[in-house]
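Asks: Next up, target.txt (compact mmCIF, C-alpha atoms and all ligand atoms).
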```txt
# COMPACT_ATOMS: atom_id res chain seq x y z
CA MET J 1 0.00 0.00 0.00
CA MET J 2 3.02 2.23 0.28
CA GLY J 3 2.59 5.48 -1.63
CA LYS J 4 -1.11 4.96 -2.20
CA ILE J 5 -2.52 6.52 0.93
CA VAL J 6 -3.07 10.23 1.31
CA ALA J 7 -4.22 12.12 4.39
CA ASP J 8 -6.72 10.53 6.82
CA ALA J 9 -6.31 7.01 5.43
CA LEU J 10 -7.83 7.93 2.08
CA PRO J 11 -6.61 6.09 -1.01
CA ALA J 12 -4.74 8.20 -3.56
CA PHE J 13 -6.81 9.52 -6.47
CA LEU J 14 -4.88 8.06 -9.39
CA GLY J 15 -7.60 6.67 -11.68
CA GLY J 16 -8.11 9.90 -13.59
CA ARG J 17 -11.84 9.51 -13.32
CA LEU J 18 -14.37 9.47 -10.48
CA CYS J 19 -15.76 5.97 -11.03
CA LEU J 20 -12.26 4.52 -11.37
CA ASP J 21 -11.10 6.16 -8.15
CA PHE J 22 -14.18 4.68 -6.48
CA VAL J 23 -13.26 1.19 -7.70
CA ASN J 24 -9.72 1.84 -6.43
CA THR J 25 -10.84 2.12 -2.81
CA VAL J 26 -9.64 -1.47 -2.27
CA ASP J 27 -5.90 -2.10 -2.26
CA PRO J 28 -4.78 -4.35 -3.75
CA ARG J 29 -7.81 -4.98 -5.95
CA GLU J 30 -7.05 -8.61 -6.70
CA PRO J 31 -7.03 -10.53 -4.47
CA ALA J 32 -8.99 -7.94 -2.55
CA GLY J 33 -6.93 -6.37 0.23
CA HIS J 34 -7.55 -3.37 2.45
CA ASP J 35 -10.97 -1.76 2.08
CA PHE J 36 -10.88 2.02 2.50
CA LEU J 37 -14.67 2.16 2.82
CA PRO J 38 -15.57 -0.14 5.74
CA ALA J 39 -18.58 1.96 6.80
CA TYR J 40 -20.88 4.66 5.51
CA ALA J 41 -18.93 7.39 7.31
CA ASN J 42 -15.80 6.42 5.32
CA LEU J 43 -17.79 6.61 2.10
CA LEU J 44 -18.81 10.17 2.98
CA THR J 45 -15.25 11.21 3.84
CA TRP J 46 -14.10 9.76 0.55
CA ALA J 47 -16.95 11.43 -1.37
CA ALA J 48 -15.99 14.80 0.13
CA ALA J 49 -12.34 14.33 -0.85
CA ALA J 50 -13.43 13.25 -4.35
CA ARG J 51 -15.72 16.31 -4.56
CA VAL J 52 -18.72 14.14 -5.27
CA LEU J 53 -20.90 16.21 -2.97
CA ASP J 54 -20.87 19.92 -2.34
CA GLN J 55 -20.91 21.15 1.27
CA ARG J 56 -24.65 21.49 1.47
CA ARG J 57 -25.28 17.92 0.27
CA MET J 58 -22.49 16.70 2.50
CA ARG J 59 -24.19 18.23 5.54
CA ARG J 60 -27.51 16.67 4.56
CA ALA J 61 -25.95 13.22 4.10
CA THR J 62 -24.11 13.49 7.41
CA ALA J 63 -27.31 14.48 9.20
CA ALA J 64 -29.20 11.59 7.57
CA ARG J 65 -26.46 9.15 8.60
CA ARG J 66 -26.79 10.21 12.22
CA ALA J 67 -30.60 10.25 12.19
CA THR J 68 -31.06 6.92 10.39
CA PRO J 69 -28.02 4.68 10.95
CA ASP J 70 -29.84 1.59 9.65
CA GLU J 71 -30.60 3.32 6.35
CA ALA J 72 -26.98 4.46 6.18
CA ALA J 73 -25.82 0.86 6.67
CA LYS J 74 -28.12 -0.22 3.83
CA ALA J 75 -26.87 2.58 1.59
CA HIS J 76 -23.32 1.51 2.42
CA ALA J 77 -24.00 -2.11 1.44
CA GLU J 78 -25.48 -0.87 -1.86
CA ALA J 79 -22.42 1.30 -2.45
CA ILE J 80 -20.10 -1.67 -1.99
CA GLU J 81 -22.24 -3.76 -4.33
CA LEU J 82 -22.04 -0.99 -6.92
CA ARG J 83 -18.27 -0.73 -6.49
CA GLU J 84 -17.74 -4.46 -6.95
CA THR J 85 -20.12 -4.63 -9.92
CA LEU J 86 -18.30 -1.71 -11.58
CA TYR J 87 -14.97 -3.38 -10.92
CA ARG J 88 -16.04 -6.63 -12.60
CA VAL J 89 -17.71 -4.82 -15.52
CA LEU J 90 -14.66 -2.62 -16.10
CA ARG J 91 -12.26 -5.55 -15.84
CA ALA J 92 -14.36 -7.32 -18.46
CA ALA J 93 -14.23 -4.20 -20.67
CA VAL J 94 -10.44 -4.01 -20.33
CA ALA J 95 -10.17 -7.69 -21.28
CA ARG J 96 -12.53 -7.08 -24.24
CA ARG J 97 -14.98 -9.66 -23.01
CA PRO J 98 -18.67 -9.25 -22.17
CA PRO J 99 -19.73 -8.79 -18.53
CA SER J 100 -21.59 -11.56 -16.75
CA ARG J 101 -25.34 -11.60 -17.25
CA GLN J 102 -25.91 -10.82 -13.59
CA ASP J 103 -23.61 -7.81 -13.68
CA SER J 104 -25.24 -6.40 -16.81
CA GLU J 105 -28.66 -6.82 -15.22
CA THR J 106 -27.51 -5.12 -12.01
CA LEU J 107 -26.05 -2.24 -13.98
CA ALA J 108 -29.12 -1.90 -16.19
CA ALA J 109 -31.39 -1.80 -13.12
CA GLY J 110 -29.13 0.83 -11.54
CA ALA J 111 -29.23 2.90 -14.72
CA ALA J 112 -33.04 2.70 -14.91
CA HIS J 113 -33.28 3.85 -11.29
CA LEU J 114 -30.80 6.63 -11.96
CA GLN J 115 -33.02 8.07 -14.68
CA THR J 116 -35.84 8.49 -12.17
CA ARG J 117 -33.55 10.43 -9.82
CA ARG J 118 -32.33 13.20 -12.10
CA ARG J 119 -33.62 15.89 -14.41
CA ILE J 120 -31.75 17.76 -17.08
CA ARG J 121 -31.79 21.52 -16.54
CA SER J 122 -30.62 24.45 -18.60
CA THR J 123 -28.43 26.94 -16.78
CA GLY J 124 -28.37 29.40 -19.66
CA VAL J 125 -25.70 28.31 -22.11
CA HIS J 126 -24.96 25.00 -20.44
CA TRP J 127 -26.95 22.06 -19.18
CA ARG J 128 -26.62 20.17 -15.98
CA TRP J 129 -28.19 17.27 -14.10
CA ASP J 130 -30.34 18.15 -11.12
CA TRP J 131 -30.56 15.36 -8.59
CA ALA J 132 -33.60 14.46 -6.50
CA GLU J 133 -32.84 15.68 -2.98
CA ASP J 134 -35.02 13.40 -0.86
CA ASP J 135 -32.45 10.60 -0.38
CA PRO J 136 -29.14 12.27 0.52
CA LEU J 137 -27.59 8.98 1.69
CA ARG J 138 -27.67 7.51 -1.81
CA LEU J 139 -26.69 10.58 -3.78
CA PRO J 140 -22.94 9.84 -3.84
CA CYS J 141 -23.53 6.49 -5.55
CA LEU J 142 -25.92 7.97 -8.09
CA ILE J 143 -23.27 10.49 -9.10
CA ILE J 144 -20.60 7.78 -9.29
CA LEU J 145 -22.91 5.54 -11.31
CA ALA J 146 -23.68 8.39 -13.73
CA ASP J 147 -19.95 8.83 -14.30
CA ALA J 148 -19.50 5.08 -14.81
CA LEU J 149 -22.31 4.94 -17.37
CA ASP J 150 -20.78 7.88 -19.27
CA LEU J 151 -17.48 6.03 -19.30
CA LEU J 152 -18.96 2.69 -20.37
CA THR J 153 -21.03 4.17 -23.20
CA GLY J 154 -18.28 6.39 -24.60
CA GLU J 155 -14.93 6.05 -26.37
CA GLU J 156 -12.90 6.48 -23.20
CA VAL J 157 -13.73 2.96 -22.05
CA ASN J 158 -11.08 1.80 -24.55
CA ARG J 159 -8.58 3.84 -22.55
CA VAL J 160 -9.18 2.06 -19.25
CA GLY J 161 -6.20 0.03 -18.12
CA VAL J 162 -5.14 -2.09 -15.16
CA CYS J 163 -1.97 -1.26 -13.27
CA ALA J 164 0.79 -3.73 -14.16
CA GLY J 165 2.23 -3.54 -10.65
CA GLN J 166 2.47 -6.70 -8.56
CA ALA J 167 -0.34 -6.86 -6.00
CA CYS J 168 -2.13 -3.77 -7.31
CA GLY J 169 -4.89 -4.14 -9.91
CA TRP J 170 -5.98 -0.51 -9.72
CA LEU J 171 -7.76 0.86 -12.76
CA PHE J 172 -6.88 4.06 -14.60
CA ALA J 173 -7.92 6.07 -17.62
CA ASP J 174 -4.89 6.26 -19.89
CA ALA J 175 -4.59 9.85 -21.07
CA THR J 176 -1.21 9.40 -22.79
CA LYS J 177 -1.08 10.04 -26.55
CA ASN J 178 0.35 6.64 -27.42
CA HIS J 179 -1.64 4.55 -24.89
CA SER J 180 1.53 3.80 -22.95
CA ARG J 181 0.42 4.17 -19.34
CA ARG J 182 1.21 1.02 -17.36
CA TRP J 183 1.07 2.05 -13.73
CA CYS J 184 -1.44 3.55 -11.33
CA SER J 185 1.46 5.75 -10.32
CA MET J 186 5.00 6.00 -11.61
CA ALA J 187 6.22 6.89 -8.12
CA GLY J 188 4.50 3.86 -6.53
CA CYS J 189 4.03 0.72 -8.62
CA GLY J 190 6.21 1.96 -11.50
CA ASN J 191 9.10 2.65 -9.18
CA ARG J 192 8.77 -0.67 -7.36
CA ALA J 193 8.89 -2.55 -10.68
CA LYS J 194 12.02 -0.62 -11.67
CA THR J 195 13.68 -1.46 -8.35
CA ARG J 196 12.75 -5.12 -8.77
CA ARG J 197 14.17 -5.29 -12.30
CA HIS J 198 17.34 -3.66 -11.07
CA TYR J 199 17.62 -6.16 -8.22
CA GLN J 200 17.00 -9.11 -10.54
CA ARG J 201 19.67 -7.90 -13.00
CA GLN J 202 22.16 -7.64 -10.18
CA ARG J 203 21.36 -11.14 -9.00
CA HIS J 204 21.70 -12.64 -12.50
CA SER J 205 25.01 -10.92 -13.15
CA ARG J 206 26.63 -12.42 -10.09
ZN ZN J 301 -0.48 0.11 -9.15
```
Would you put the structure from the file into C-alpha cells?

Replies:
Amino acid sequence: MMGKIVADALPAFLGGRLCLDFVNTVDPREPAGHDFLPAYANLLTWAAAARVLDQRRMRRATAARRATPDEAAKAHAEAIELRETLYRVLRAAVARRPPSRQDSETLAAGAAHLQTRRRIRSTGVHWRWDWAEDDPLRLPCLIILADALDLLTGEEVNRVGVCAGQACGWLFADATKNHSRRWCSMAGCGNRAKTRRHYQRQRHSR
C-alpha cells in the first residue's frame, strides 16, 4: 500500500476519473486487500475528498447518517455492491470480453433507477443534471454511477487500463497520446517494478 494513501487514510486519487477512483478504494484490488470504505462514514469522507458532494449535500448526508443509521448501513452495502459490480464490468471491458449476465442486469437496473432520480436543466448556455434531494444517503452512488455509465457508453472505455504492478490491480484512464500508461502511479508501482528489475539484474550478473 506504500505510496497509495493520502491524508486521513484515504486512497490516492490516481484513476483519472471518479468511477475509477471509487473502484480503487480497495488495495490491492485482486485478491482484494484493504478496504478504505468499511462503513458509511468512510464513504462520505471519501466522497468529500473526491468532490462528489458539495458542502450542502455533505451536511444533509451526514445528518441523515446520524438520524437513520440503519438506512446508512443499507446505503453503504449498496455502495459496496455498486463498487464491486463496476470493478467486474470494467475488468471485463479491459479484457474485451462481455460482462456476466448478472452484472449487466444489475447495472441496467441501476441505470433505470438513476433516470428516475435526475432531471436535465438548462443553466443558460450549459446544461446540468439536477438530482432528487429526498435521499441524501444515496446521492454519492448515483453520481458515481452516472460517471461510470458515461465512461462505459463512450470512447474512453477503450482507454481504461489495469496497473501492471504486482499486488495492485488498480484501474486508470490512460490519457497518454500513445496509450503507454502502465502504472497507477509512476512513483508507486512503477518505481517498485524498476527497483525489482534492477535487483534481478544484479542477482543474474553475479
Ligand atoms: Zn499500481

Asks: Find the distance between atom CA of Cys141 of chain J and atom CA of Asn42 of chain J and write it in Å to one decimal.

Replies: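 Atom-to-atom, atom CA of Cys141 of chain J to atom CA of Asn42 of chain J, that is 13.3 Å.
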
Asks: Would you write out, as a tab-separated table, a table of all residues in chain J that have an atom no more than 9 Å from an atom of ligand ZN 301 (chain J), listing for each the closest atom pair and the distance in Å to one decimal, considering only C-alpha atoms and all ligand atoms and ordering rows by chain and rising residue number?

Replies:
```
residue	atom	partner	partner_atom	distance
J:Lys4	CA	J:ZN301	ZN	8.5
J:Pro28	CA	J:ZN301	ZN	8.2
J:Val162	CA	J:ZN301	ZN	7.9
J:Cys163	CA	J:ZN301	ZN	4.6
J:Ala164	CA	J:ZN301	ZN	6.4
J:Gly165	CA	J:ZN301	ZN	4.8
J:Gln166	CA	J:ZN301	ZN	7.4
J:Ala167	CA	J:ZN301	ZN	7.7
J:Cys168	CA	J:ZN301	ZN	4.6
J:Gly169	CA	J:ZN301	ZN	6.2
J:Trp170	CA	J:ZN301	ZN	5.6
J:Leu171	CA	J:ZN301	ZN	8.2
J:Arg182	CA	J:ZN301	ZN	8.4
J:Trp183	CA	J:ZN301	ZN	5.2
J:Cys184	CA	J:ZN301	ZN	4.2
J:Ser185	CA	J:ZN301	ZN	6.1
J:Met186	CA	J:ZN301	ZN	8.4
J:Gly188	CA	J:ZN301	ZN	6.8
J:Cys189	CA	J:ZN301	ZN	4.6
J:Gly190	CA	J:ZN301	ZN	7.3
```

Asks: Residues of segment 35-91 of chain J that approach segment 9-27 of chain J to 9 Å or less, counting all atoms listed in the file: could you list each one with the shortest pair of atoms and its distance in Å to one decimal, rows by chain and increasing residue number, as a tab-separated table?

Replies:
```
residue	atom	partner	partner_atom	distance
J:Asp35	CA	J:Val26	CA	4.6
J:Phe36	CA	J:Thr25	CA	5.3
J:Leu37	CA	J:Thr25	CA	6.8
J:Asn42	CA	J:Leu10	CA	8.7
J:Thr45	CA	J:Leu10	CA	8.3
J:Trp46	CA	J:Leu10	CA	6.7
J:Ala47	CA	J:Phe22	CA	8.9
J:Ala49	CA	J:Leu10	CA	8.4
J:Ala50	CA	J:Leu18	CA	7.3
J:Val52	CA	J:Leu18	CA	8.2
J:Arg83	CA	J:Val23	CA	5.5
J:Glu84	CA	J:Val23	CA	7.2
J:Leu86	CA	J:Val23	CA	7.0
J:Tyr87	CA	J:Val23	CA	5.8
J:Leu90	CA	J:Leu20	CA	8.9
```

Asks: Have a look at J:Leu139, J:His126, J:Arg119, J:Arg96 and name the one nearest to Asn158 of chain J; count all atoms listed in the file.

Replies: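 Once distances to Asn158 of chain J are computed over all atoms listed in the file, the minimum belongs to J:Arg96.
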
Asks: What does the distance from atom CA of Ile80 of chain J to atom CA of Ile5 of chain J come to in Å, to one decimal?

Replies: 19.6 Å

Asks: Compare J:Leu149, J:Val157, J:Ala63, J:Met58 by their minimum atom-to-atom distance to Ala92 of chain J, counting all atoms listed in the file, and give me the closest one.

Replies: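 Of the candidates, the smallest distance to Ala92 of chain J is held by J:Val157.
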
Asks: Hey, what's within 10 Å of Arg138 of chain J if we count all atoms listed in the file and toss same-chain stuff fewer than 6 positions away? As a PyMOL selection string, please?

Replies: chain J and resi 61+71-72+74-76+78-79

Asks: Could you work out how far atom CA of Ala41 of chain J lies from atom CA of Arg65 of chain J, giving the answer in Å with one decimal?

Replies: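 Separation between atom CA of Arg65 of chain J and atom CA of Ala41 of chain J: 7.8 Å.
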
Asks: Ranking J:Ala93, J:Ala112, J:Pro98, J:Asp130 by minimum distance to Val160 of chain J and counting all atoms listed in the file, which one comes first?

Replies: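 For Val160 of chain J, the nearest of the candidates is J:Ala93.
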
Asks: So, with only C-alpha atoms as the atoms that count, which of J:Gly33, J:Arg101, J:Tyr40, J:Thr116 lies closest to Pro69 of chain J?

Replies: J:Tyr40

Asks: Under the rule that all atoms listed in the file are counted, which of J:Val94, J:Leu107, J:Asp147, J:Glu133 is the nearest residue to Phe172 of chain J?

Replies: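 Under the stated criterion, the closest residue is J:Val94.
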
Asks: Kindly indicate which residue among J:Pro38, J:Arg29, J:Ser180, J:Thr62 lies nearest to Arg88 of chain J, using all atoms listed in the file for the distances.

Replies: J:Arg29

Asks: Kindly list the centre and edge lengths in Å, rounded to one decimal, for the axis-aligned box that covers all listed atoms of segment 130-147 of chain J plus 6 Å on each of its six sides, as JSON.

Replies:
```
{"center_x": -27.5, "center_y": 11.8, "center_z": -6.3, "size_x": 27.1, "size_y": 24.6, "size_z": 28.0}
```

Asks: Output segment 39-50 of chain J as a short mmCIF file (atom, residue, chain, number, x, y, z; two decimals), keeping the file's coordinate frame, making sure all heavy atoms are there.

Replies:
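Below is the file result07.cif, written as the result:
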```
data_model
loop_
_atom_site.label_atom_id
_atom_site.label_comp_id
_atom_site.auth_asym_id
_atom_site.auth_seq_id
_atom_site.Cartn_x
_atom_site.Cartn_y
_atom_site.Cartn_z
N ALA J 39 -17.28 1.53 6.26
CA ALA J 39 -18.58 1.96 6.80
C ALA J 39 -19.06 3.19 6.04
O ALA J 39 -18.29 3.81 5.28
CB ALA J 39 -18.45 2.29 8.28
N TYR J 40 -20.32 3.53 6.26
CA TYR J 40 -20.88 4.66 5.51
C TYR J 40 -20.11 5.95 5.75
O TYR J 40 -19.91 6.75 4.83
CB TYR J 40 -22.37 4.87 5.83
CG TYR J 40 -22.99 5.85 4.87
CD1 TYR J 40 -23.44 5.43 3.63
CD2 TYR J 40 -23.05 7.21 5.18
CE1 TYR J 40 -23.95 6.33 2.71
CE2 TYR J 40 -23.55 8.12 4.26
CZ TYR J 40 -24.00 7.68 3.03
OH TYR J 40 -24.49 8.57 2.12
N ALA J 41 -19.67 6.16 6.99
CA ALA J 41 -18.93 7.39 7.31
C ALA J 41 -17.68 7.52 6.44
O ALA J 41 -17.33 8.63 5.99
CB ALA J 41 -18.55 7.41 8.79
N ASN J 42 -17.00 6.40 6.17
CA ASN J 42 -15.80 6.42 5.32
C ASN J 42 -16.17 6.79 3.89
O ASN J 42 -15.42 7.50 3.21
CB ASN J 42 -15.11 5.07 5.33
CG ASN J 42 -14.78 4.61 6.73
OD1 ASN J 42 -15.57 3.89 7.34
ND2 ASN J 42 -13.67 5.05 7.27
N LEU J 43 -17.32 6.28 3.45
CA LEU J 43 -17.79 6.61 2.10
C LEU J 43 -17.99 8.12 1.97
O LEU J 43 -17.61 8.73 0.97
CB LEU J 43 -19.09 5.86 1.79
CG LEU J 43 -19.79 6.20 0.47
CD1 LEU J 43 -18.96 5.72 -0.71
CD2 LEU J 43 -21.18 5.57 0.42
N LEU J 44 -18.57 8.72 3.01
CA LEU J 44 -18.81 10.17 2.98
C LEU J 44 -17.51 10.96 2.98
O LEU J 44 -17.37 11.94 2.24
CB LEU J 44 -19.66 10.60 4.17
CG LEU J 44 -21.17 10.54 3.98
CD1 LEU J 44 -21.85 11.27 5.13
CD2 LEU J 44 -21.59 11.15 2.65
N THR J 45 -16.56 10.53 3.81
CA THR J 45 -15.25 11.21 3.84
C THR J 45 -14.60 11.13 2.47
O THR J 45 -14.06 12.11 1.96
CB THR J 45 -14.34 10.53 4.89
OG1 THR J 45 -15.03 10.51 6.13
CG2 THR J 45 -13.03 11.28 5.06
N TRP J 46 -14.68 9.94 1.88
CA TRP J 46 -14.10 9.76 0.55
C TRP J 46 -14.82 10.64 -0.48
O TRP J 46 -14.18 11.30 -1.31
CB TRP J 46 -14.17 8.28 0.13
CG TRP J 46 -13.55 8.05 -1.20
CD1 TRP J 46 -12.23 7.79 -1.46
CD2 TRP J 46 -14.21 8.09 -2.48
NE1 TRP J 46 -12.03 7.69 -2.81
CE2 TRP J 46 -13.22 7.86 -3.45
CE3 TRP J 46 -15.52 8.31 -2.88
CZ2 TRP J 46 -13.52 7.84 -4.82
CZ3 TRP J 46 -15.82 8.30 -4.23
CH2 TRP J 46 -14.83 8.06 -5.20
N ALA J 47 -16.15 10.66 -0.41
CA ALA J 47 -16.95 11.43 -1.37
C ALA J 47 -16.62 12.92 -1.27
O ALA J 47 -16.57 13.63 -2.28
CB ALA J 47 -18.44 11.20 -1.13
N ALA J 48 -16.36 13.39 -0.04
CA ALA J 48 -15.99 14.80 0.13
C ALA J 48 -14.63 15.07 -0.52
O ALA J 48 -14.47 16.05 -1.23
CB ALA J 48 -15.96 15.16 1.61
N ALA J 49 -13.68 14.16 -0.27
CA ALA J 49 -12.34 14.33 -0.85
C ALA J 49 -12.39 14.25 -2.37
O ALA J 49 -11.65 14.94 -3.07
CB ALA J 49 -11.39 13.28 -0.29
N ALA J 50 -13.29 13.41 -2.90
CA ALA J 50 -13.43 13.25 -4.35
C ALA J 50 -14.31 14.34 -4.96
O ALA J 50 -14.54 14.35 -6.16
CB ALA J 50 -14.01 11.87 -4.67
#
```
